[in-house]
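Reproduced below: upload23.cif, with mmCIF, N, CA and C atoms and all ligand atoms.
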```
data_target
loop_
_atom_site.label_atom_id
_atom_site.label_comp_id
_atom_site.auth_asym_id
_atom_site.auth_seq_id
_atom_site.Cartn_x
_atom_site.Cartn_y
_atom_site.Cartn_z
N MET A 279 50.89 13.49 -14.03
CA MET A 279 51.26 13.72 -15.42
C MET A 279 50.03 14.18 -16.22
N SER A 280 50.15 15.34 -16.87
CA SER A 280 49.00 15.81 -17.65
C SER A 280 49.48 16.47 -18.94
N PRO A 281 48.66 16.44 -19.97
CA PRO A 281 49.06 17.02 -21.24
C PRO A 281 48.91 18.54 -21.23
N GLN A 282 49.87 19.21 -21.82
CA GLN A 282 49.78 20.65 -22.01
C GLN A 282 48.94 20.94 -23.24
N ARG A 283 49.14 20.08 -24.24
CA ARG A 283 48.53 20.32 -25.52
C ARG A 283 48.28 18.98 -26.19
N ILE A 284 47.09 18.84 -26.76
CA ILE A 284 46.78 17.61 -27.50
C ILE A 284 46.45 17.99 -28.92
N GLN A 285 47.18 17.40 -29.85
CA GLN A 285 46.93 17.65 -31.25
C GLN A 285 46.32 16.39 -31.84
N LEU A 286 45.02 16.46 -32.12
CA LEU A 286 44.30 15.28 -32.55
C LEU A 286 44.75 14.82 -33.94
N HIS A 287 44.96 15.77 -34.81
CA HIS A 287 45.37 15.44 -36.17
C HIS A 287 46.78 15.96 -36.45
N GLY A 288 47.75 15.22 -35.95
CA GLY A 288 49.15 15.58 -36.15
C GLY A 288 49.63 15.12 -37.52
N PRO A 289 50.93 15.26 -37.76
CA PRO A 289 51.48 14.88 -39.06
C PRO A 289 51.41 13.37 -39.30
N GLU A 290 51.13 12.99 -40.53
CA GLU A 290 51.16 11.59 -40.97
C GLU A 290 50.31 10.65 -40.11
N GLY A 291 49.08 11.05 -39.85
CA GLY A 291 48.17 10.16 -39.15
C GLY A 291 48.57 9.85 -37.73
N THR A 292 48.94 10.87 -37.01
CA THR A 292 49.32 10.65 -35.62
C THR A 292 48.58 11.60 -34.70
N LEU A 293 48.46 11.19 -33.46
CA LEU A 293 47.95 12.04 -32.41
C LEU A 293 49.16 12.46 -31.57
N VAL A 294 49.29 13.75 -31.34
CA VAL A 294 50.47 14.26 -30.66
C VAL A 294 50.08 14.85 -29.31
N ILE A 295 50.79 14.45 -28.28
CA ILE A 295 50.55 15.02 -26.95
C ILE A 295 51.84 15.65 -26.43
N GLU A 296 51.72 16.90 -26.02
CA GLU A 296 52.84 17.56 -25.33
C GLU A 296 52.53 17.55 -23.84
N TRP A 297 53.42 16.94 -23.09
CA TRP A 297 53.19 16.75 -21.66
C TRP A 297 53.71 17.91 -20.83
N SER A 298 53.21 17.96 -19.60
CA SER A 298 53.59 19.06 -18.71
C SER A 298 55.07 19.04 -18.37
N ASP A 299 55.74 17.91 -18.53
CA ASP A 299 57.17 17.86 -18.26
C ASP A 299 58.01 18.15 -19.51
N GLY A 300 57.31 18.56 -20.59
CA GLY A 300 58.03 18.92 -21.80
C GLY A 300 58.21 17.78 -22.79
N HIS A 301 57.86 16.58 -22.36
CA HIS A 301 57.98 15.43 -23.25
C HIS A 301 56.88 15.46 -24.31
N ARG A 302 57.20 14.91 -25.46
CA ARG A 302 56.27 14.93 -26.58
C ARG A 302 56.06 13.50 -27.07
N SER A 303 54.80 13.09 -27.12
CA SER A 303 54.49 11.74 -27.57
C SER A 303 53.73 11.79 -28.88
N THR A 304 54.12 10.93 -29.81
CA THR A 304 53.46 10.87 -31.10
C THR A 304 52.92 9.46 -31.31
N TYR A 305 51.59 9.35 -31.37
CA TYR A 305 50.97 8.04 -31.48
C TYR A 305 50.31 7.85 -32.84
N PRO A 306 50.74 6.86 -33.60
CA PRO A 306 49.98 6.54 -34.83
C PRO A 306 48.57 6.10 -34.45
N TYR A 307 47.56 6.49 -35.25
CA TYR A 307 46.17 6.18 -34.89
C TYR A 307 45.94 4.69 -34.66
N ARG A 308 46.48 3.88 -35.57
CA ARG A 308 46.24 2.44 -35.46
C ARG A 308 46.82 1.88 -34.16
N TYR A 309 47.96 2.39 -33.80
CA TYR A 309 48.63 1.98 -32.56
C TYR A 309 47.72 2.24 -31.36
N LEU A 310 47.12 3.43 -31.33
CA LEU A 310 46.24 3.80 -30.23
C LEU A 310 44.95 2.98 -30.24
N ARG A 311 44.40 2.84 -31.45
CA ARG A 311 43.13 2.12 -31.58
C ARG A 311 43.29 0.67 -31.13
N ASP A 312 44.41 0.05 -31.49
CA ASP A 312 44.68 -1.33 -31.11
C ASP A 312 44.85 -1.48 -29.61
N ARG A 313 45.14 -0.38 -28.94
CA ARG A 313 45.33 -0.44 -27.49
C ARG A 313 44.17 0.17 -26.74
N CYS A 314 43.02 0.24 -27.38
CA CYS A 314 41.82 0.75 -26.74
C CYS A 314 41.57 -0.01 -25.44
N PRO A 315 41.44 0.74 -24.33
CA PRO A 315 41.33 0.09 -23.02
C PRO A 315 39.91 -0.31 -22.63
N CYS A 316 38.91 -0.15 -23.49
CA CYS A 316 37.53 -0.44 -23.08
C CYS A 316 37.28 -1.93 -22.94
N ALA A 317 36.19 -2.26 -22.29
CA ALA A 317 35.87 -3.66 -21.98
C ALA A 317 35.66 -4.48 -23.24
N THR A 318 35.09 -3.85 -24.28
CA THR A 318 34.84 -4.57 -25.52
C THR A 318 36.15 -5.00 -26.18
N CYS A 319 37.13 -4.13 -26.14
CA CYS A 319 38.39 -4.41 -26.82
C CYS A 319 39.34 -5.28 -25.99
N THR A 320 39.18 -5.25 -24.67
CA THR A 320 40.11 -6.00 -23.84
C THR A 320 39.49 -7.25 -23.22
N GLY A 321 38.17 -7.36 -23.27
CA GLY A 321 37.49 -8.48 -22.63
C GLY A 321 37.61 -9.76 -23.41
N PRO A 322 37.06 -10.84 -22.85
CA PRO A 322 37.10 -12.15 -23.53
C PRO A 322 36.36 -12.13 -24.87
N ASP A 323 35.33 -11.28 -24.99
CA ASP A 323 34.61 -11.16 -26.24
C ASP A 323 35.51 -10.69 -27.36
N ALA A 324 36.45 -9.81 -27.01
CA ALA A 324 37.35 -9.25 -28.01
C ALA A 324 38.25 -10.33 -28.59
N ALA A 325 38.77 -11.17 -27.71
CA ALA A 325 39.63 -12.26 -28.16
C ALA A 325 38.84 -13.19 -29.08
N GLN A 326 37.59 -13.42 -28.70
CA GLN A 326 36.70 -14.27 -29.47
C GLN A 326 36.46 -13.70 -30.87
N ALA A 327 36.11 -12.41 -30.89
CA ALA A 327 35.81 -11.77 -32.17
C ALA A 327 37.04 -11.75 -33.07
N GLU A 328 38.18 -11.57 -32.46
CA GLU A 328 39.40 -11.51 -33.23
C GLU A 328 39.66 -12.85 -33.90
N LYS A 329 39.38 -13.90 -33.16
CA LYS A 329 39.58 -15.25 -33.68
C LYS A 329 38.75 -15.47 -34.94
N HIS A 330 37.54 -14.91 -34.92
CA HIS A 330 36.65 -15.09 -36.07
C HIS A 330 36.88 -14.03 -37.15
N GLY A 331 37.84 -13.19 -36.92
CA GLY A 331 38.17 -12.18 -37.91
C GLY A 331 37.14 -11.09 -38.05
N GLU A 332 36.36 -10.89 -37.01
CA GLU A 332 35.34 -9.84 -37.08
C GLU A 332 35.88 -8.53 -36.54
N PRO A 333 35.46 -7.44 -37.17
CA PRO A 333 35.91 -6.15 -36.66
C PRO A 333 35.30 -5.88 -35.29
N LEU A 334 36.06 -5.20 -34.46
CA LEU A 334 35.58 -4.92 -33.12
C LEU A 334 34.82 -3.61 -33.05
N GLY A 335 33.75 -3.62 -32.31
CA GLY A 335 33.10 -2.36 -31.97
C GLY A 335 32.30 -1.72 -33.06
N ALA A 336 32.31 -2.27 -34.26
CA ALA A 336 31.60 -1.62 -35.35
C ALA A 336 30.85 -2.62 -36.23
N PRO A 337 29.96 -3.40 -35.60
CA PRO A 337 29.26 -4.42 -36.37
C PRO A 337 28.34 -3.83 -37.44
N ALA A 338 27.95 -2.56 -37.27
CA ALA A 338 27.02 -1.96 -38.21
C ALA A 338 27.75 -1.35 -39.41
N LEU A 339 29.06 -1.47 -39.42
CA LEU A 339 29.83 -0.86 -40.51
C LEU A 339 30.58 -1.94 -41.30
N PRO A 340 29.95 -2.48 -42.31
CA PRO A 340 30.59 -3.56 -43.07
C PRO A 340 31.82 -3.11 -43.83
N ILE A 341 31.96 -1.80 -44.06
CA ILE A 341 33.13 -1.32 -44.79
C ILE A 341 34.29 -1.03 -43.87
N PHE A 342 34.17 -1.46 -42.64
CA PHE A 342 35.24 -1.28 -41.66
C PHE A 342 36.57 -1.70 -42.26
N GLY A 343 37.56 -0.86 -42.13
CA GLY A 343 38.89 -1.25 -42.58
C GLY A 343 39.26 -0.67 -43.94
N THR A 344 38.27 -0.26 -44.72
CA THR A 344 38.58 0.28 -46.04
C THR A 344 38.88 1.78 -45.94
N GLU A 345 38.28 2.40 -44.96
CA GLU A 345 38.54 3.83 -44.77
C GLU A 345 39.70 3.99 -43.81
N ALA A 346 40.53 4.98 -44.07
CA ALA A 346 41.66 5.21 -43.17
C ALA A 346 41.13 5.55 -41.78
N LEU A 347 41.64 4.84 -40.80
CA LEU A 347 41.21 5.06 -39.42
C LEU A 347 41.72 6.41 -38.92
N LYS A 348 40.81 7.15 -38.28
CA LYS A 348 41.25 8.40 -37.65
C LYS A 348 40.28 8.78 -36.54
N PRO A 349 40.76 9.57 -35.61
CA PRO A 349 39.83 10.03 -34.59
C PRO A 349 38.97 11.15 -35.16
N ARG A 350 37.65 11.02 -35.02
CA ARG A 350 36.77 12.09 -35.48
C ARG A 350 36.83 13.27 -34.52
N ARG A 351 36.83 12.92 -33.24
CA ARG A 351 36.98 13.96 -32.23
C ARG A 351 37.40 13.31 -30.92
N ALA A 352 37.77 14.12 -29.97
CA ALA A 352 38.15 13.60 -28.67
C ALA A 352 37.66 14.56 -27.61
N GLU A 353 37.34 14.00 -26.47
CA GLU A 353 36.85 14.83 -25.37
C GLU A 353 37.63 14.53 -24.11
N LEU A 354 37.87 15.55 -23.33
CA LEU A 354 38.51 15.32 -22.05
C LEU A 354 37.49 14.73 -21.08
N VAL A 355 37.93 13.74 -20.34
CA VAL A 355 37.08 13.16 -19.31
C VAL A 355 37.65 13.61 -17.97
N GLY A 356 36.94 14.53 -17.35
CA GLY A 356 37.46 15.11 -16.12
C GLY A 356 38.82 15.74 -16.39
N ARG A 357 39.74 15.52 -15.46
CA ARG A 357 41.08 16.07 -15.65
C ARG A 357 42.09 14.96 -15.80
N TYR A 358 41.62 13.77 -16.07
CA TYR A 358 42.56 12.64 -16.03
C TYR A 358 42.57 11.77 -17.27
N ALA A 359 41.66 12.01 -18.21
CA ALA A 359 41.59 11.06 -19.32
C ALA A 359 41.07 11.71 -20.60
N LEU A 360 41.24 10.99 -21.68
CA LEU A 360 40.82 11.44 -22.99
C LEU A 360 39.94 10.35 -23.61
N GLN A 361 38.76 10.76 -24.05
CA GLN A 361 37.89 9.80 -24.75
C GLN A 361 38.00 10.08 -26.24
N ILE A 362 38.32 9.05 -27.01
CA ILE A 362 38.54 9.23 -28.44
C ILE A 362 37.39 8.61 -29.23
N PHE A 363 36.81 9.40 -30.13
CA PHE A 363 35.73 8.92 -30.99
C PHE A 363 36.33 8.58 -32.35
N TRP A 364 36.48 7.29 -32.62
CA TRP A 364 37.16 6.84 -33.84
C TRP A 364 36.23 6.86 -35.05
N SER A 365 36.84 6.94 -36.21
CA SER A 365 36.06 6.98 -37.45
C SER A 365 35.38 5.65 -37.74
N ASP A 366 35.76 4.58 -37.04
CA ASP A 366 35.08 3.30 -37.25
C ASP A 366 33.85 3.18 -36.36
N GLY A 367 33.50 4.25 -35.66
CA GLY A 367 32.28 4.25 -34.86
C GLY A 367 32.52 3.90 -33.40
N HIS A 368 33.72 3.51 -33.08
CA HIS A 368 34.02 3.10 -31.72
C HIS A 368 34.39 4.30 -30.86
N SER A 369 33.82 4.36 -29.65
CA SER A 369 34.10 5.54 -28.82
C SER A 369 34.10 5.25 -27.33
N SER A 370 34.08 3.97 -26.96
CA SER A 370 33.98 3.68 -25.53
C SER A 370 35.33 3.62 -24.83
N GLY A 371 36.39 3.82 -25.56
CA GLY A 371 37.71 3.77 -24.92
C GLY A 371 38.04 5.06 -24.21
N ILE A 372 38.32 4.96 -22.92
CA ILE A 372 38.76 6.12 -22.15
C ILE A 372 40.25 5.94 -21.88
N TYR A 373 41.05 6.76 -22.50
CA TYR A 373 42.50 6.66 -22.35
C TYR A 373 42.93 7.61 -21.24
N THR A 374 43.29 7.05 -20.09
CA THR A 374 43.77 7.93 -19.02
C THR A 374 45.14 8.46 -19.42
N PHE A 375 45.49 9.62 -18.86
CA PHE A 375 46.77 10.22 -19.23
C PHE A 375 47.93 9.32 -18.81
N ASP A 376 47.79 8.69 -17.65
CA ASP A 376 48.83 7.76 -17.20
C ASP A 376 49.03 6.65 -18.23
N TYR A 377 47.89 6.13 -18.72
CA TYR A 377 47.93 5.05 -19.71
C TYR A 377 48.59 5.53 -21.00
N LEU A 378 48.16 6.72 -21.45
CA LEU A 378 48.73 7.28 -22.68
C LEU A 378 50.24 7.47 -22.54
N ARG A 379 50.64 8.00 -21.40
CA ARG A 379 52.06 8.22 -21.21
C ARG A 379 52.81 6.89 -21.23
N SER A 380 52.21 5.87 -20.64
CA SER A 380 52.88 4.57 -20.60
C SER A 380 52.93 3.93 -21.99
N LEU A 381 52.07 4.41 -22.89
CA LEU A 381 52.04 3.88 -24.25
C LEU A 381 53.01 4.61 -25.17
N CYS A 382 53.60 5.69 -24.70
CA CYS A 382 54.44 6.52 -25.57
C CYS A 382 55.42 5.64 -26.34
N PRO A 383 55.35 5.71 -27.67
CA PRO A 383 56.17 4.81 -28.48
C PRO A 383 57.56 5.36 -28.82
N CYS A 384 57.94 6.47 -28.22
CA CYS A 384 59.24 7.06 -28.59
C CYS A 384 60.38 6.18 -28.05
N GLU A 385 61.56 6.41 -28.62
CA GLU A 385 62.70 5.56 -28.29
C GLU A 385 63.06 5.63 -26.82
N ARG A 386 63.01 6.85 -26.28
CA ARG A 386 63.41 7.04 -24.89
C ARG A 386 62.50 6.26 -23.94
N CYS A 387 61.18 6.38 -24.15
CA CYS A 387 60.24 5.69 -23.27
C CYS A 387 60.30 4.18 -23.46
N THR A 388 60.45 3.76 -24.70
CA THR A 388 60.53 2.33 -24.97
C THR A 388 61.75 1.73 -24.28
N ALA A 389 62.87 2.44 -24.38
CA ALA A 389 64.10 1.98 -23.73
C ALA A 389 63.93 1.94 -22.22
N GLY A 390 63.27 2.99 -21.68
CA GLY A 390 63.04 3.05 -20.25
C GLY A 390 62.19 1.88 -19.76
N ARG A 391 61.14 1.56 -20.54
CA ARG A 391 60.26 0.46 -20.17
C ARG A 391 60.99 -0.87 -20.21
N ASN A 392 61.83 -1.07 -21.23
CA ASN A 392 62.57 -2.32 -21.34
C ASN A 392 63.55 -2.48 -20.19
N ALA A 393 64.15 -1.35 -19.79
CA ALA A 393 65.12 -1.39 -18.71
C ALA A 393 64.44 -1.74 -17.39
N ALA A 394 63.17 -1.31 -17.24
CA ALA A 394 62.45 -1.54 -15.99
C ALA A 394 61.99 -2.99 -15.86
N GLU A 395 61.92 -3.69 -16.95
CA GLU A 395 61.41 -5.06 -16.90
C GLU A 395 62.45 -6.05 -16.38
ZN ZN A 401 37.44 -0.28 -27.30
ZN ZN A 402 58.19 9.11 -24.91
#
```
Translate the structure of the given file into structure tokens.
Amino acid sequence: MSPQRIQLHGPEGTLVIEWSDGHRSTYPYRYLRDRCPCATCTGPDAAQAEKHGEPLGAPALPIFGTEALKPRRAELVGRYALQIFWSDGHSSGIYTFDYLRSLCPCERCTAGRNAAE
């Protein structure tokens, strides 16, 4: 599964991916950011920081959260993943295409995932 086209700044604060099978995924930025797969965001430290109400990944930015979150830029990692550089300074998340596809929040994919469980 690979994207045909990636639109970093889609309508209404979303990242849009058009897949090679014709499917189209629209991800709100916050949705994607919350699902950052990097070790900082998924590790035990992340759970700890969350408990203390501290922002993740951007300790040098005290104004974290006041600015609308958005991806500043994104880079392809090889042929299998997308690295997103967020406006909060965080950039260590590598979103593989498989992962992104599995995150697709559209009704069809959500229904498919629920049915598989
Ligand atoms: Zn992260
Ligand atoms: Zn979908």
I'd like to know which residues of chain A are alpha helix (DSSP H) (by DSSP, run on the backbone); could you write them as a ChimeraX atom specification? /A:307-312,317-320,322-329,375-381,385-394
Please, could you write that set of residues out with N, CA and C atoms as an mmCIF file, in the frame of the given file?
```
data_model
loop_
_atom_site.group_PDB
_atom_site.id
_atom_site.type_symbol
_atom_site.label_atom_id
_atom_site.label_comp_id
_atom_site.auth_asym_id
_atom_site.auth_seq_id
_atom_site.Cartn_x
_atom_site.Cartn_y
_atom_site.Cartn_z
ATOM 1 N N TYR A 307 47.560 6.490 -35.250
ATOM 2 C CA TYR A 307 46.170 6.180 -34.890
ATOM 3 C C TYR A 307 45.940 4.690 -34.660
ATOM 4 N N ARG A 308 46.480 3.880 -35.570
ATOM 5 C CA ARG A 308 46.240 2.440 -35.460
ATOM 6 C C ARG A 308 46.820 1.880 -34.160
ATOM 7 N N TYR A 309 47.960 2.390 -33.800
ATOM 8 C CA TYR A 309 48.630 1.980 -32.560
ATOM 9 C C TYR A 309 47.720 2.240 -31.360
ATOM 10 N N LEU A 310 47.120 3.430 -31.330
ATOM 11 C CA LEU A 310 46.240 3.800 -30.230
ATOM 12 C C LEU A 310 44.950 2.980 -30.240
ATOM 13 N N ARG A 311 44.400 2.840 -31.450
ATOM 14 C CA ARG A 311 43.130 2.120 -31.580
ATOM 15 C C ARG A 311 43.290 0.670 -31.130
ATOM 16 N N ASP A 312 44.410 0.050 -31.490
ATOM 17 C CA ASP A 312 44.680 -1.330 -31.110
ATOM 18 C C ASP A 312 44.850 -1.480 -29.610
ATOM 19 N N ALA A 317 36.190 -2.260 -22.290
ATOM 20 C CA ALA A 317 35.870 -3.660 -21.980
ATOM 21 C C ALA A 317 35.660 -4.480 -23.240
ATOM 22 N N THR A 318 35.090 -3.850 -24.280
ATOM 23 C CA THR A 318 34.840 -4.570 -25.520
ATOM 24 C C THR A 318 36.150 -5.000 -26.180
ATOM 25 N N CYS A 319 37.130 -4.130 -26.140
ATOM 26 C CA CYS A 319 38.390 -4.410 -26.820
ATOM 27 C C CYS A 319 39.340 -5.280 -25.990
ATOM 28 N N THR A 320 39.180 -5.250 -24.670
ATOM 29 C CA THR A 320 40.110 -6.000 -23.840
ATOM 30 C C THR A 320 39.490 -7.250 -23.220
ATOM 31 N N PRO A 322 37.060 -10.840 -22.850
ATOM 32 C CA PRO A 322 37.100 -12.150 -23.530
ATOM 33 C C PRO A 322 36.360 -12.130 -24.870
ATOM 34 N N ASP A 323 35.330 -11.280 -24.990
ATOM 35 C CA ASP A 323 34.610 -11.160 -26.240
ATOM 36 C C ASP A 323 35.510 -10.690 -27.360
ATOM 37 N N ALA A 324 36.450 -9.810 -27.010
ATOM 38 C CA ALA A 324 37.350 -9.250 -28.010
ATOM 39 C C ALA A 324 38.250 -10.330 -28.590
ATOM 40 N N ALA A 325 38.770 -11.170 -27.710
ATOM 41 C CA ALA A 325 39.630 -12.260 -28.160
ATOM 42 C C ALA A 325 38.840 -13.190 -29.080
ATOM 43 N N GLN A 326 37.590 -13.420 -28.700
ATOM 44 C CA GLN A 326 36.700 -14.270 -29.470
ATOM 45 C C GLN A 326 36.460 -13.700 -30.870
ATOM 46 N N ALA A 327 36.110 -12.410 -30.890
ATOM 47 C CA ALA A 327 35.810 -11.770 -32.170
ATOM 48 C C ALA A 327 37.040 -11.750 -33.070
ATOM 49 N N GLU A 328 38.180 -11.570 -32.460
ATOM 50 C CA GLU A 328 39.400 -11.510 -33.230
ATOM 51 C C GLU A 328 39.660 -12.850 -33.900
ATOM 52 N N LYS A 329 39.380 -13.900 -33.160
ATOM 53 C CA LYS A 329 39.580 -15.250 -33.680
ATOM 54 C C LYS A 329 38.750 -15.470 -34.940
ATOM 55 N N PHE A 375 45.490 9.620 -18.860
ATOM 56 C CA PHE A 375 46.770 10.220 -19.230
ATOM 57 C C PHE A 375 47.930 9.320 -18.810
ATOM 58 N N ASP A 376 47.790 8.690 -17.650
ATOM 59 C CA ASP A 376 48.830 7.760 -17.200
ATOM 60 C C ASP A 376 49.030 6.650 -18.230
ATOM 61 N N TYR A 377 47.890 6.130 -18.720
ATOM 62 C CA TYR A 377 47.930 5.050 -19.710
ATOM 63 C C TYR A 377 48.590 5.530 -21.000
ATOM 64 N N LEU A 378 48.160 6.720 -21.450
ATOM 65 C CA LEU A 378 48.730 7.280 -22.680
ATOM 66 C C LEU A 378 50.240 7.470 -22.540
ATOM 67 N N ARG A 379 50.640 8.000 -21.400
ATOM 68 C CA ARG A 379 52.060 8.220 -21.210
ATOM 69 C C ARG A 379 52.810 6.890 -21.230
ATOM 70 N N SER A 380 52.210 5.870 -20.640
ATOM 71 C CA SER A 380 52.880 4.570 -20.600
ATOM 72 C C SER A 380 52.930 3.930 -21.990
ATOM 73 N N LEU A 381 52.070 4.410 -22.890
ATOM 74 C CA LEU A 381 52.040 3.880 -24.250
ATOM 75 C C LEU A 381 53.010 4.610 -25.170
ATOM 76 N N GLU A 385 61.560 6.410 -28.620
ATOM 77 C CA GLU A 385 62.700 5.560 -28.290
ATOM 78 C C GLU A 385 63.060 5.630 -26.820
ATOM 79 N N ARG A 386 63.010 6.850 -26.280
ATOM 80 C CA ARG A 386 63.410 7.040 -24.890
ATOM 81 C C ARG A 386 62.500 6.260 -23.940
ATOM 82 N N CYS A 387 61.180 6.380 -24.150
ATOM 83 C CA CYS A 387 60.240 5.690 -23.270
ATOM 84 C C CYS A 387 60.300 4.180 -23.460
ATOM 85 N N THR A 388 60.450 3.760 -24.700
ATOM 86 C CA THR A 388 60.530 2.330 -24.970
ATOM 87 C C THR A 388 61.750 1.730 -24.280
ATOM 88 N N ALA A 389 62.870 2.440 -24.380
ATOM 89 C CA ALA A 389 64.100 1.980 -23.730
ATOM 90 C C ALA A 389 63.930 1.940 -22.220
ATOM 91 N N GLY A 390 63.270 2.990 -21.680
ATOM 92 C CA GLY A 390 63.040 3.050 -20.250
ATOM 93 C C GLY A 390 62.190 1.880 -19.760
ATOM 94 N N ARG A 391 61.140 1.560 -20.540
ATOM 95 C CA ARG A 391 60.260 0.460 -20.170
ATOM 96 C C ARG A 391 60.990 -0.870 -20.210
ATOM 97 N N ASN A 392 61.830 -1.070 -21.230
ATOM 98 C CA ASN A 392 62.570 -2.320 -21.340
ATOM 99 C C ASN A 392 63.550 -2.480 -20.190
ATOM 100 N N ALA A 393 64.150 -1.350 -19.790
ATOM 101 C CA ALA A 393 65.120 -1.390 -18.710
ATOM 102 C C ALA A 393 64.440 -1.740 -17.390
ATOM 103 N N ALA A 394 63.170 -1.310 -17.240
ATOM 104 C CA ALA A 394 62.450 -1.540 -15.990
ATOM 105 C C ALA A 394 61.990 -2.990 -15.860
#
```
Which is closer to ligand ZN 401 (chain A) than all the others in A:Gly356, A:Gly291, A:Gly367, A:Pro315, using all atoms listed in the file? A:Pro315
Separation of atom C of Met279 in chain A from atom N of Glu385 in chain A in Å: 18.6 Å
Selected residue, from A:Cys382, A:Ile372, A:Ala389, A:Ile362, that lies nearest to Arg302 in chain A when counting all atoms listed in the file: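 Checking each of A:Cys382, A:Ile372, A:Ala389, A:Ile362 against Arg302 in chain A, counting all atoms listed in the file, the winner is A:Cys382.
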Counting only N, CA and C atoms and all ligand atoms, which protein, DNA or RNA residues come within 8 Å of ligand ZN 401 (chain A), given as a list in words?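 Selection of residues at most 8 Å from ligand ZN 401 (chain A): Arg311, Asp312, Arg313, Cys314, Pro315, Cys316, Ala317, Thr318, Cys319, Thr320, Leu334, Gly335, His368, Ser369, Ser370, Gly371 and Ile372 of chain A.
Here atom C of Gly390 in chain A and atom C of Phe375 in chain A stand 16.1 Å from one another.
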Rank A:Leu347, A:Asn392, A:Ser303, A:Phe363 by their smallest atom-to-atom distance to ligand ZN 402 (chain A), using all atoms listed in the file, and report the top residue only.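 The shortest atom-to-atom distance to ligand ZN 402 (chain A) comes from A:Ser303.
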Could you check which residues have any atom within 8 Å of (41.2, 8.3, -16.7), counting only C-alpha atoms with coordinates taken straight from the file, and then list them as an mmCIF file with N, CA and C atoms, keeping the file's coordinate frame?
```
data_model
loop_
_atom_site.group_PDB
_atom_site.id
_atom_site.type_symbol
_atom_site.label_atom_id
_atom_site.label_comp_id
_atom_site.auth_asym_id
_atom_site.auth_seq_id
_atom_site.Cartn_x
_atom_site.Cartn_y
_atom_site.Cartn_z
ATOM 1 N N VAL A 355 37.930 13.740 -20.340
ATOM 2 C CA VAL A 355 37.080 13.160 -19.310
ATOM 3 C C VAL A 355 37.650 13.610 -17.970
ATOM 4 N N GLY A 356 36.940 14.530 -17.350
ATOM 5 C CA GLY A 356 37.460 15.110 -16.120
ATOM 6 C C GLY A 356 38.820 15.740 -16.390
ATOM 7 N N ARG A 357 39.740 15.520 -15.460
ATOM 8 C CA ARG A 357 41.080 16.070 -15.650
ATOM 9 C C ARG A 357 42.090 14.960 -15.800
ATOM 10 N N TYR A 358 41.620 13.770 -16.070
ATOM 11 C CA TYR A 358 42.560 12.640 -16.030
ATOM 12 C C TYR A 358 42.570 11.770 -17.270
ATOM 13 N N ALA A 359 41.660 12.010 -18.210
ATOM 14 C CA ALA A 359 41.590 11.060 -19.320
ATOM 15 C C ALA A 359 41.070 11.710 -20.600
ATOM 16 N N LEU A 360 41.240 10.990 -21.680
ATOM 17 C CA LEU A 360 40.820 11.440 -22.990
ATOM 18 C C LEU A 360 39.940 10.350 -23.610
ATOM 19 N N ILE A 372 38.320 4.960 -22.920
ATOM 20 C CA ILE A 372 38.760 6.120 -22.150
ATOM 21 C C ILE A 372 40.250 5.940 -21.880
ATOM 22 N N TYR A 373 41.050 6.760 -22.500
ATOM 23 C CA TYR A 373 42.500 6.660 -22.350
ATOM 24 C C TYR A 373 42.930 7.610 -21.240
ATOM 25 N N THR A 374 43.290 7.050 -20.090
ATOM 26 C CA THR A 374 43.770 7.930 -19.020
ATOM 27 C C THR A 374 45.140 8.460 -19.420
ATOM 28 N N PHE A 375 45.490 9.620 -18.860
ATOM 29 C CA PHE A 375 46.770 10.220 -19.230
ATOM 30 C C PHE A 375 47.930 9.320 -18.810
ATOM 31 N N ASP A 376 47.790 8.690 -17.650
ATOM 32 C CA ASP A 376 48.830 7.760 -17.200
ATOM 33 C C ASP A 376 49.030 6.650 -18.230
#
```
Take CA of Ala346 in chain A and CA of Ile284 in chain A and report the distance between them in Å, one decimal.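 Separating CA of Ala346 in chain A from CA of Ile284 in chain A is a distance of 20.6 Å.
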Between A:Cys384, A:Leu378, A:Leu354, A:Ala394, single out the one closest to ligand ZN 402 (chain A), counting all atoms listed in the file. A:Cys384
So, counting all atoms listed in the file, which residue among A:Pro306, A:Asp366, A:His301, A:Pro322 is closest to ligand ZN 402 (chain A)? A:His301
Calculated over all atoms listed in the file, which of the candidates A:Ser365, A:Ala393, A:Thr304, A:Pro289 has the smallest distance to ligand ZN 402 (chain A)? A:Thr304
Based on DSSP run over this structure's backbone, return all residues of chain A in strand (DSSP E or B), as number ranges by chain. A: 281-285, 292-297, 302-306, 349-355, 359-364, 372-374
